[in-house]
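Engineer: There's a structure below that I have some questions on.
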Amino acid sequence: MELISNLKELPEIEQDILHCTQKCVQNACQIMCKIALDPQKQISRQQFVVFQNQIRILKPADCAFTSVIEFLGTHSRQGQRYKIQGLMAIYFPEPSTDTLLRGMGITGKVDDSDIMDGCGEILNVIAGQFKVEMANRGYEELMISTPFNFNFQIDELFNYHKTEKFELIYFFEGNKLIYVDVGVDIKKVT
Amino acid sequence: MQIVVLDDSHIQRRIIIKLIREVGYNDEIIEGDNGREGLDNIAKEGRDIRLVLCDWNMPQLNGLQFLYELNKIPKYRGMPAIMITTEGTTRAYNEAKSQYPYLAGYVVKPFTHEHLKAVIGPYLHLQDIKPGH
């Protein structure tokens, strides 16, 4: 694991993707869940687990729920065209789901299907905002898949070729609230 | 007169319905997790509708397809609808507005509860609201 302290050290497209991700996570938490994230966060570069040339999404040990979306688009920069393919996975530690759902205004009894649905909707909103933010930065409109939601250790495999991911960990009142994995594969289009 | 709430997230529907109740609407609400289910449930109830609140991206029949189909039914032609969606680009808004001219509001997720209540409030308090107005 390599900790990243300054996004400016990354290539420009990756910088844009991570800046947009951060803004969208913060907005979703603040507007949708009424949670002001701690200023402290952790960004690192890691390897995905690869199985038979495909990516395996493995949730961190302390997380109970996972939502995943895939995105695809193209972008032109300085006369060069790029294909951008990626995925965003969000992992929710069990105690944080209660905080998030209560912030959304859900009171009373909730079961696993409510929590999974709520987690999926949070990622859905983050992904929707991500598309808008990227478009505001001059990217062509990304296509975004509907979220896949899981509450078990995932055996689901994603047909995605780059093995590297960025992991962003957000905190609320000193506790881990959300883990966000962003994997992005940028290829020059000839 | 009933209100229709369609969203494939049941948590999101729960939040929207809670806000509708907070604004003071006490009549029945027709729910559905996609446009197909919405049309079926509206047909089953057969009552007048005051307002439609629907998500855009839903399985089977999405929000715009649902509004298109609903508008084909003479009784519900020109029904005011508020789209509540993650589709936040100007292109998406223009597409929705051009495909369903009776769109009364367009709320991009995430929304604050106060914002949604302000958008739906006027439609819940008009006793004599008529389709197409």
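Here's how to read the names in the structure tokens: chain A, B, ... by the order shown, residue numbers from 1 in each chain, ligand numbers from 1 in the order shown.
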Identify, on the basis of only C-alpha atoms, every residue whose closest approach to segment 56-68 of chain B does not exceed 12 Å; exclude the query and any residue fewer than 3 positions from it along the same chain; express the result as an NGL selection string.

Structural biologist: (:A and (121 or 124-125 or 128 or 144-147)) or (:B and (4-10 or 32-40 or 42 or 51-53 or 71-74 or 76-88 or 92-93 or 95-103 or 106-109))

Engineer: Kindly determine which residues of chain A lie within 10 Å of chain B, considering only C-alpha atoms, and give the answer as an MDAnalysis selection string.

Structural biologist: chainID A and resid 24 27:34 101 104:107 110 113:122 124:133 135:136 141 146

Engineer: Can I get the selection written as a PDB file, in the first residue's frame, with C-alpha atoms?

Structural biologist:
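The file below, result12.pdb, is the result:
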```
ATOM      1  CA  CYS A  24     -19.226  13.668  -4.667  1.00  0.00           C
ATOM      2  CA  ASN A  27     -21.722  16.121  -1.070  1.00  0.00           C
ATOM      3  CA  ALA A  28     -23.675  12.880  -0.750  1.00  0.00           C
ATOM      4  CA  CYS A  29     -22.764  12.543   2.916  1.00  0.00           C
ATOM      5  CA  GLN A  30     -23.531  16.180   3.662  1.00  0.00           C
ATOM      6  CA  ILE A  31     -26.750  16.644   1.655  1.00  0.00           C
ATOM      7  CA  MET A  32     -28.231  13.162   1.608  1.00  0.00           C
ATOM      8  CA  CYS A  33     -27.102  11.897   5.022  1.00  0.00           C
ATOM      9  CA  LYS A  34     -26.528  15.207   6.855  1.00  0.00           C
ATOM     10  CA  LEU A 101     -29.557   5.699   7.275  1.00  0.00           C
ATOM     11  CA  MET A 104     -31.105  10.062   5.492  1.00  0.00           C
ATOM     12  CA  GLY A 105     -34.189  10.310   7.685  1.00  0.00           C
ATOM     13  CA  ILE A 106     -34.903   6.593   8.067  1.00  0.00           C
ATOM     14  CA  THR A 107     -36.188   5.930  11.533  1.00  0.00           C
ATOM     15  CA  VAL A 110     -34.415  -1.560   9.392  1.00  0.00           C
ATOM     16  CA  SER A 113     -32.501  -5.324   2.626  1.00  0.00           C
ATOM     17  CA  ASP A 114     -33.117  -1.724   3.789  1.00  0.00           C
ATOM     18  CA  ILE A 115     -29.422  -1.279   4.531  1.00  0.00           C
ATOM     19  CA  MET A 116     -28.355  -2.751   1.186  1.00  0.00           C
ATOM     20  CA  ASP A 117     -30.878  -0.594  -0.639  1.00  0.00           C
ATOM     21  CA  GLY A 118     -29.726   2.516   1.255  1.00  0.00           C
ATOM     22  CA  CYS A 119     -26.045   1.772   0.561  1.00  0.00           C
ATOM     23  CA  GLY A 120     -26.834   1.207  -3.128  1.00  0.00           C
ATOM     24  CA  GLU A 121     -28.727   4.484  -3.275  1.00  0.00           C
ATOM     25  CA  ILE A 122     -25.810   6.356  -1.688  1.00  0.00           C
ATOM     26  CA  ASN A 124     -26.098   5.686  -7.049  1.00  0.00           C
ATOM     27  CA  VAL A 125     -26.189   9.336  -5.965  1.00  0.00           C
ATOM     28  CA  ILE A 126     -22.394   9.557  -5.764  1.00  0.00           C
ATOM     29  CA  ALA A 127     -22.109   8.047  -9.258  1.00  0.00           C
ATOM     30  CA  GLY A 128     -24.720  10.435 -10.672  1.00  0.00           C
ATOM     31  CA  GLN A 129     -22.867  13.411  -9.211  1.00  0.00           C
ATOM     32  CA  PHE A 130     -19.584  11.981 -10.449  1.00  0.00           C
ATOM     33  CA  LYS A 131     -20.935  12.025 -13.999  1.00  0.00           C
ATOM     34  CA  VAL A 132     -21.977  15.676 -13.632  1.00  0.00           C
ATOM     35  CA  GLU A 133     -18.691  16.722 -12.017  1.00  0.00           C
ATOM     36  CA  ALA A 135     -18.782  16.701 -17.406  1.00  0.00           C
ATOM     37  CA  ASN A 136     -18.187  20.052 -15.671  1.00  0.00           C
ATOM     38  CA  GLU A 141     -20.736  12.225 -20.503  1.00  0.00           C
ATOM     39  CA  THR A 146     -26.707   0.563 -11.978  1.00  0.00           C
TER      40      THR A 146
END
```

Engineer: DSSP on the backbone: which residues in chain B end up as helix (DSSP H, G or I)? Give the answer as a ChimeraX atom specification.

Structural biologist: /B:10-23,35-45,63-71,74-76,90-99,113-125

Engineer: Using only C-alpha atoms, can you tell me which of A:Arg137, A:Phe92, A:Lys188, A:Thr97 comes closest to Asp111 of chain A?

Structural biologist: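 Ranking A:Arg137, A:Phe92, A:Lys188, A:Thr97 by distance to Asp111 of chain A, first place goes to A:Thr97.
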
Engineer: Might you pull out every residue within 9 Å of Gln2 of chain B, with only C-alpha atoms counted and same-chain residues fewer than 6 positions away left off, and present them as JSON, numbers by chain?

Structural biologist: {"B": [27, 28, 29, 30, 47, 48, 49, 50, 51, 52]}

Engineer: At what distance in Å, to one decimal, does atom CA of Asp98 of chain A lie from atom CA of Asn149 of chain A?

Structural biologist: 16.8 Å

Engineer: Considering only strand (DSSP E or B) as DSSP defines it on the backbone, what residues of segment 55-119 of chain A qualify? List them as a PyMOL selection string.

Structural biologist: chain A and resi 55-56+63-77+80-93

Engineer: Can you tell me which residues surround Asp185 of chain A at a distance of at most 12 Å, considering only C-alpha atoms, apart from same-chain residues fewer than 4 positions away, and format the answer as a list in words?

Structural biologist: Ile13, Glu14, Ile17, Glu70, Phe71, Leu72, Gly73, Thr74, Tyr82, Lys83, Ile84, Gln85, Gly86, Leu87, Met88, Asn159, Tyr160, His161, Lys162, Thr163, Glu164, Lys165 and Phe166 of chain A

Engineer: Rounded to one decimal in Å, what is the spacing between atom CA of Leu100 of chain A and atom CA of Cys54 of chain B?

Structural biologist: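 Separation between atom CA of Leu100 of chain A and atom CA of Cys54 of chain B: 23.1 Å.
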
Engineer: Would you work out the distance separating atom CA of Glu69 of chain B from atom CA of Asn41 of chain B, expressed in Å to one decimal?

Structural biologist: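 So the answer is 13.5 Å.
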